[in-house]
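Asker: Let me give you the structure first, and then I'll get to my questions.
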Amino acid sequence: MTTQPKTTKLDKRIDVQAIIFDLDGTLLDYEDASRVAMNKVVNRFDKEVDWKLHSKLLGRKMHNVAEILLKELKLENEFTPSSFVDTYYKEMDKIYKDIKPLPSVIETLQKLKETGVPMVIATSSYTDSYKKKMKFHTDIEKFVQLHVCGDDPEVKNGKPAPDIFLCAKHRLEQKIDRKLDPSKCLVFEDSPFGLQGAHAAGMMGIALPDKRIDHEIAGTDFSKATLVCSNGMTDFLDQFEKINIVGTEPSEKVKAE
């Protein structure tokens with residue numbers, strides 16, 4: 001049995017000027033597909049990426065994932081991190097079409113859109129991977145103003161560094177032509193590294209822990225999360241009335257990119 005965080009409750013309303021979403025494991029059920037692709041590669045050497053090992057990889061840049069995985073499975077003589085990443089993405093190309101949105105994601109995006117709050121995706125995925133997977137998810141992209149990927153030149157350091165969230169905030173400010181208070185930016189994340197990055201950026205964080213992940217192994221610390229939703233977006237919707245959207249224009253004036 002895996003160790004799971006418990007759902008928490010907001011004790012008061014929180015002011016929100018902007019929403020930043022992680023993508024994989026937050027909006028899309030990517031983690032299972034990712035594990036399948038990894039196993040397509042390592043099974044050739046009679047190795048396996050189980051959920052315990054996958055728990056150590058959550059929320060990291062793909063190059064870092066490869067370094068950890070190759071060391072854990074003793075495959076460092078078979079691949080360099082770069083060659084493993086290339087082989088992994090060739091397998092992912094075959095299954096992008098099968099990745100589904102997580103439960104209640106579209107409903108959540110629709111409700112947030114109606115408030116007029118600007119939304120952005122900040123993902124550790126590289127741009128090529130992002131484009132390939134989102135080709136099948138225009139229903140998600142239509143809700144957001146822009147996206148920032150892990151290989152963006154302005155993202156010098158991956159999560160848990162705050163770089164990608166600060167970059168997303170800056171780009172969104174340019175897009176909507178107004179300043180945002182980082183303490184009023186709300187980040188949705190499934191990984192502890194993402195939540196640490198959000199906290200380091202001075203932002204609020206909503207934790208969406210994956211029930212398949214062993215959070216003790218992952219070293220999960222959701223103690224700084226503004227809200228923990230152990231049942232994903234469904235739990236967030238239950239507390240939607242506690243989200244006070246401030247400083248926005250009417251929803252019809254917030255145009256998606």
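Residue names in the structure tokens use chain letters A, B, ... in the order shown, residue numbers from 1 in each chain, and ligand numbers from 1 in the order shown.
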Contacts of Val228 of chain A at 7 Å or less, counting only C-alpha atoms, minus same-chain residues fewer than 5 places along, as a list in words?
Answerer: Lys6, Thr7, Thr8, Ile206, Ala207 and Leu208 of chain A
Asker: Within 9 Å of segment 47-62 of chain A, which residues of segment 93-158 of chain A show up? Give each one with its shortest atom-to-atom distance in Å (one decimal) and the two atoms involved, counting only C-alpha atoms, rows by chain then rising residue number, as CSV.
Answerer:
residue,atom,partner,partner_atom,distance
A:Ser124,CA,A:Lys61,CA,5.7
A:Ser125,CA,A:Lys61,CA,7.3
A:Tyr126,CA,A:Met62,CA,8.3
A:Gly150,CA,A:Lys61,CA,7.1
A:Gly158,CA,A:Lys61,CA,6.1
Asker: Would you output that residue set with N, CA and C atoms, as a JSON list (two decimals), in the first residue's frame?
Answerer:
[["chain", "number", "residue", "atom", "x", "y", "z"],
["A", 124, "SER", "N", 7.39, 20.91, -17.29],
["A", 124, "SER", "CA", 8.78, 20.49, -17.48],
["A", 124, "SER", "C", 8.99, 19.80, -18.82],
["A", 125, "SER", "N", 7.89, 19.43, -19.49],
["A", 125, "SER", "CA", 8.01, 18.81, -20.82],
["A", 125, "SER", "C", 8.75, 19.73, -21.77],
["A", 126, "TYR", "N", 9.53, 19.12, -22.67],
["A", 126, "TYR", "CA", 10.19, 19.90, -23.70],
["A", 126, "TYR", "C", 9.16, 20.29, -24.77],
["A", 150, "GLY", "N", 9.83, 23.26, -20.34],
["A", 150, "GLY", "CA", 11.06, 23.08, -19.57],
["A", 150, "GLY", "C", 12.32, 23.43, -20.32],
["A", 158, "GLY", "N", 15.41, 23.57, -13.59],
["A", 158, "GLY", "CA", 14.13, 22.88, -13.49],
["A", 158, "GLY", "C", 13.56, 22.91, -12.09]]
Asker: Could you list, as an mmCIF file with C-alpha atoms, in the first residue's frame, every residue within 12 Å of Leu10 of chain A, counting only C-alpha atoms and ignoring same-chain residues fewer than 5 positions away?
Answerer:
data_model
loop_
_atom_site.group_PDB
_atom_site.id
_atom_site.type_symbol
_atom_site.label_atom_id
_atom_site.label_comp_id
_atom_site.auth_asym_id
_atom_site.auth_seq_id
_atom_site.Cartn_x
_atom_site.Cartn_y
_atom_site.Cartn_z
ATOM 1 C CA ILE A 206 -2.582 23.227 -4.771
ATOM 2 C CA ALA A 225 0.601 23.514 -0.032
ATOM 3 C CA THR A 226 -2.292 25.930 0.321
ATOM 4 C CA LEU A 227 -4.623 22.999 -0.333
ATOM 5 C CA VAL A 228 -4.150 19.245 -0.772
ATOM 6 C CA CYS A 229 -6.671 17.537 -3.073
ATOM 7 C CA ASP A 235 -11.780 17.950 -4.369
ATOM 8 C CA PHE A 236 -10.908 21.387 -5.736
ATOM 9 C CA ASP A 238 -15.852 21.016 -3.784
ATOM 10 C CA GLN A 239 -14.116 24.151 -2.451
ATOM 11 C CA PHE A 240 -14.466 26.352 -5.495
ATOM 12 C CA GLU A 241 -16.503 28.938 -3.578
ATOM 13 C CA LYS A 242 -13.392 29.661 -1.473
ATOM 14 C CA ILE A 243 -11.521 30.931 -4.553
#
Asker: Grab the atom CA of Leu28 of chain A to atom CA of Pro101 of chain A distance for me, in Å with one decimal place.
Answerer: 4.3 Å
Asker: Please list as a PyMOL selection string every residue within 12 Å of His170 of chain A, counting only C-alpha atoms and excluding residues in the same chain fewer than 4 positions away.
Answerer: chain A and resi 18+20+120+122+146-148+154-155+163-166+174-182+185+201
Asker: When DSSP is applied to the backbone of this structure, which of segment 27-236 of chain A are assigned strand (DSSP E or B)? Write them out as JSON, numbers by chain.
Answerer: {"A": [28, 101, 119, 120, 121, 122, 123, 146, 147, 148, 149, 185, 186, 187, 188, 189, 204, 205, 206, 207, 227, 228]}
Asker: Go ahead and save the residues from that selection, with N, CA and C atoms, as a PDB file, in the first residue's frame.
Answerer:
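Result file is again06.pdb:
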ATOM      1  N   LEU A  28      -3.272  16.165 -17.472  1.00  0.00           N
ATOM      2  CA  LEU A  28      -3.289  14.934 -18.265  1.00  0.00           C
ATOM      3  C   LEU A  28      -2.802  13.748 -17.450  1.00  0.00           C
ATOM      4  N   PRO A 101      -7.368  13.389 -20.437  1.00  0.00           N
ATOM      5  CA  PRO A 101      -7.428  14.350 -19.326  1.00  0.00           C
ATOM      6  C   PRO A 101      -7.805  13.625 -18.034  1.00  0.00           C
ATOM      7  N   MET A 119      -5.092  32.080 -17.328  1.00  0.00           N
ATOM      8  CA  MET A 119      -4.508  30.777 -17.013  1.00  0.00           C
ATOM      9  C   MET A 119      -3.353  30.466 -17.955  1.00  0.00           C
ATOM     10  N   VAL A 120      -2.341  29.770 -17.421  1.00  0.00           N
ATOM     11  CA  VAL A 120      -1.149  29.430 -18.190  1.00  0.00           C
ATOM     12  C   VAL A 120      -0.691  28.031 -17.783  1.00  0.00           C
ATOM     13  N   ILE A 121      -0.093  27.307 -18.713  1.00  0.00           N
ATOM     14  CA  ILE A 121       0.515  26.005 -18.419  1.00  0.00           C
ATOM     15  C   ILE A 121       2.021  26.187 -18.280  1.00  0.00           C
ATOM     16  N   ALA A 122       2.596  25.640 -17.208  1.00  0.00           N
ATOM     17  CA  ALA A 122       4.041  25.650 -16.983  1.00  0.00           C
ATOM     18  C   ALA A 122       4.481  24.204 -16.771  1.00  0.00           C
ATOM     19  N   THR A 123       5.088  23.613 -17.792  1.00  0.00           N
ATOM     20  CA  THR A 123       5.395  22.192 -17.775  1.00  0.00           C
ATOM     21  C   THR A 123       6.884  21.919 -17.966  1.00  0.00           C
ATOM     22  N   LEU A 146      -1.324  30.958 -22.605  1.00  0.00           N
ATOM     23  CA  LEU A 146      -0.016  30.606 -23.134  1.00  0.00           C
ATOM     24  C   LEU A 146       0.546  29.420 -22.364  1.00  0.00           C
ATOM     25  N   HIS A 147       1.709  28.941 -22.804  1.00  0.00           N
ATOM     26  CA  HIS A 147       2.389  27.859 -22.102  1.00  0.00           C
ATOM     27  C   HIS A 147       3.890  28.143 -22.060  1.00  0.00           C
ATOM     28  N   VAL A 148       4.550  27.585 -21.040  1.00  0.00           N
ATOM     29  CA  VAL A 148       6.007  27.659 -20.908  1.00  0.00           C
ATOM     30  C   VAL A 148       6.514  26.241 -20.701  1.00  0.00           C
ATOM     31  N   CYS A 149       7.536  25.852 -21.464  1.00  0.00           N
ATOM     32  CA  CYS A 149       8.066  24.490 -21.394  1.00  0.00           C
ATOM     33  C   CYS A 149       9.435  24.455 -20.709  1.00  0.00           C
ATOM     34  N   CYS A 185      -0.938  34.322  -7.146  1.00  0.00           N
ATOM     35  CA  CYS A 185      -0.895  33.352  -8.241  1.00  0.00           C
ATOM     36  C   CYS A 185      -1.052  31.951  -7.640  1.00  0.00           C
ATOM     37  N   LEU A 186      -1.953  31.169  -8.209  1.00  0.00           N
ATOM     38  CA  LEU A 186      -2.272  29.844  -7.680  1.00  0.00           C
ATOM     39  C   LEU A 186      -1.766  28.780  -8.644  1.00  0.00           C
ATOM     40  N   VAL A 187      -0.886  27.909  -8.136  1.00  0.00           N
ATOM     41  CA  VAL A 187      -0.252  26.869  -8.946  1.00  0.00           C
ATOM     42  C   VAL A 187      -0.867  25.509  -8.621  1.00  0.00           C
ATOM     43  N   PHE A 188      -1.255  24.772  -9.660  1.00  0.00           N
ATOM     44  CA  PHE A 188      -1.740  23.399  -9.514  1.00  0.00           C
ATOM     45  C   PHE A 188      -0.612  22.445  -9.890  1.00  0.00           C
ATOM     46  N   GLU A 189      -0.266  21.537  -8.987  1.00  0.00           N
ATOM     47  CA  GLU A 189       0.866  20.637  -9.205  1.00  0.00           C
ATOM     48  C   GLU A 189       0.594  19.260  -8.609  1.00  0.00           C
ATOM     49  N   MET A 204       1.033  30.530  -4.207  1.00  0.00           N
ATOM     50  CA  MET A 204       0.236  29.507  -3.536  1.00  0.00           C
ATOM     51  C   MET A 204       0.259  28.229  -4.376  1.00  0.00           C
ATOM     52  N   GLY A 205       0.120  27.083  -3.708  1.00  0.00           N
ATOM     53  CA  GLY A 205       0.146  25.819  -4.426  1.00  0.00           C
ATOM     54  C   GLY A 205      -0.976  24.888  -4.019  1.00  0.00           C
ATOM     55  N   ILE A 206      -1.598  24.270  -5.017  1.00  0.00           N
ATOM     56  CA  ILE A 206      -2.582  23.227  -4.771  1.00  0.00           C
ATOM     57  C   ILE A 206      -1.966  21.894  -5.159  1.00  0.00           C
ATOM     58  N   ALA A 207      -1.908  20.962  -4.209  1.00  0.00           N
ATOM     59  CA  ALA A 207      -1.309  19.646  -4.439  1.00  0.00           C
ATOM     60  C   ALA A 207      -2.368  18.670  -4.936  1.00  0.00           C
ATOM     61  N   LEU A 227      -3.535  23.968  -0.353  1.00  0.00           N
ATOM     62  CA  LEU A 227      -4.623  22.999  -0.333  1.00  0.00           C
ATOM     63  C   LEU A 227      -4.114  21.684  -0.906  1.00  0.00           C
ATOM     64  N   VAL A 228      -4.467  20.582  -0.257  1.00  0.00           N
ATOM     65  CA  VAL A 228      -4.150  19.245  -0.772  1.00  0.00           C
ATOM     66  C   VAL A 228      -5.451  18.597  -1.234  1.00  0.00           C
TER      67      VAL A 228
END
Asker: Have a look at atom CA of Ala66 of chain A and atom CA of Lys169 of chain A and let me know their distance in Å, one decimal.
Answerer: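 Computing it gives 28.7 Å between the two atoms.
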Asker: From a DSSP pass on the backbone, collect the residues of segment 23-220 of chain A flagged as alpha helix (DSSP H) and hand them back as an MDAnalysis selection string.
Answerer: chainID A and resid 30:42 51:55 62:72 81:92 105:115 127:134 138:141 163:176 192:200
Asker: Please compute the atom CA of Met38 of chain A-atom CA of Lys74 of chain A distance, one decimal, in Å.
Answerer: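 Distance between the two atoms: 14.4 Å.
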Asker: For Lys142 of chain A, please output as a PyMOL selection string all residues within 12 Å (counting only C-alpha atoms; exclusion window: fewer than 3 positions along the same chain).
Answerer: chain A and resi 106+109-110+113+118-121+134-135+137-139+145-147+254-257
Asker: Please, could you write that set of residues out with C-alpha atoms as a PDB file, in the first residue's frame?
Answerer:
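The result, stored in again-v1.pdb:
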ATOM      1  CA  ILE A 106     -12.396  20.097 -18.257  1.00  0.00           C
ATOM      2  CA  LEU A 109     -11.127  24.758 -16.594  1.00  0.00           C
ATOM      3  CA  GLN A 110     -14.595  25.772 -17.732  1.00  0.00           C
ATOM      4  CA  LYS A 113     -12.727  30.445 -17.539  1.00  0.00           C
ATOM      5  CA  PRO A 118      -6.043  34.254 -16.818  1.00  0.00           C
ATOM      6  CA  MET A 119      -4.508  30.777 -17.013  1.00  0.00           C
ATOM      7  CA  VAL A 120      -1.149  29.430 -18.190  1.00  0.00           C
ATOM      8  CA  ILE A 121       0.515  26.005 -18.419  1.00  0.00           C
ATOM      9  CA  MET A 134      -1.369  18.719 -27.037  1.00  0.00           C
ATOM     10  CA  LYS A 135      -2.270  18.053 -30.656  1.00  0.00           C
ATOM     11  CA  HIS A 137      -5.926  18.109 -26.406  1.00  0.00           C
ATOM     12  CA  THR A 138      -7.101  21.287 -28.067  1.00  0.00           C
ATOM     13  CA  ASP A 139     -10.003  21.076 -25.604  1.00  0.00           C
ATOM     14  CA  GLN A 145      -3.471  32.131 -22.594  1.00  0.00           C
ATOM     15  CA  LEU A 146      -0.016  30.606 -23.134  1.00  0.00           C
ATOM     16  CA  HIS A 147       2.389  27.859 -22.102  1.00  0.00           C
ATOM     17  CA  VAL A 254      -9.552  37.198 -21.730  1.00  0.00           C
ATOM     18  CA  LYS A 255      -8.499  35.715 -25.033  1.00  0.00           C
ATOM     19  CA  ALA A 256      -6.734  32.395 -25.369  1.00  0.00           C
ATOM     20  CA  GLU A 257      -3.592  32.309 -27.451  1.00  0.00           C
TER      21      GLU A 257
END
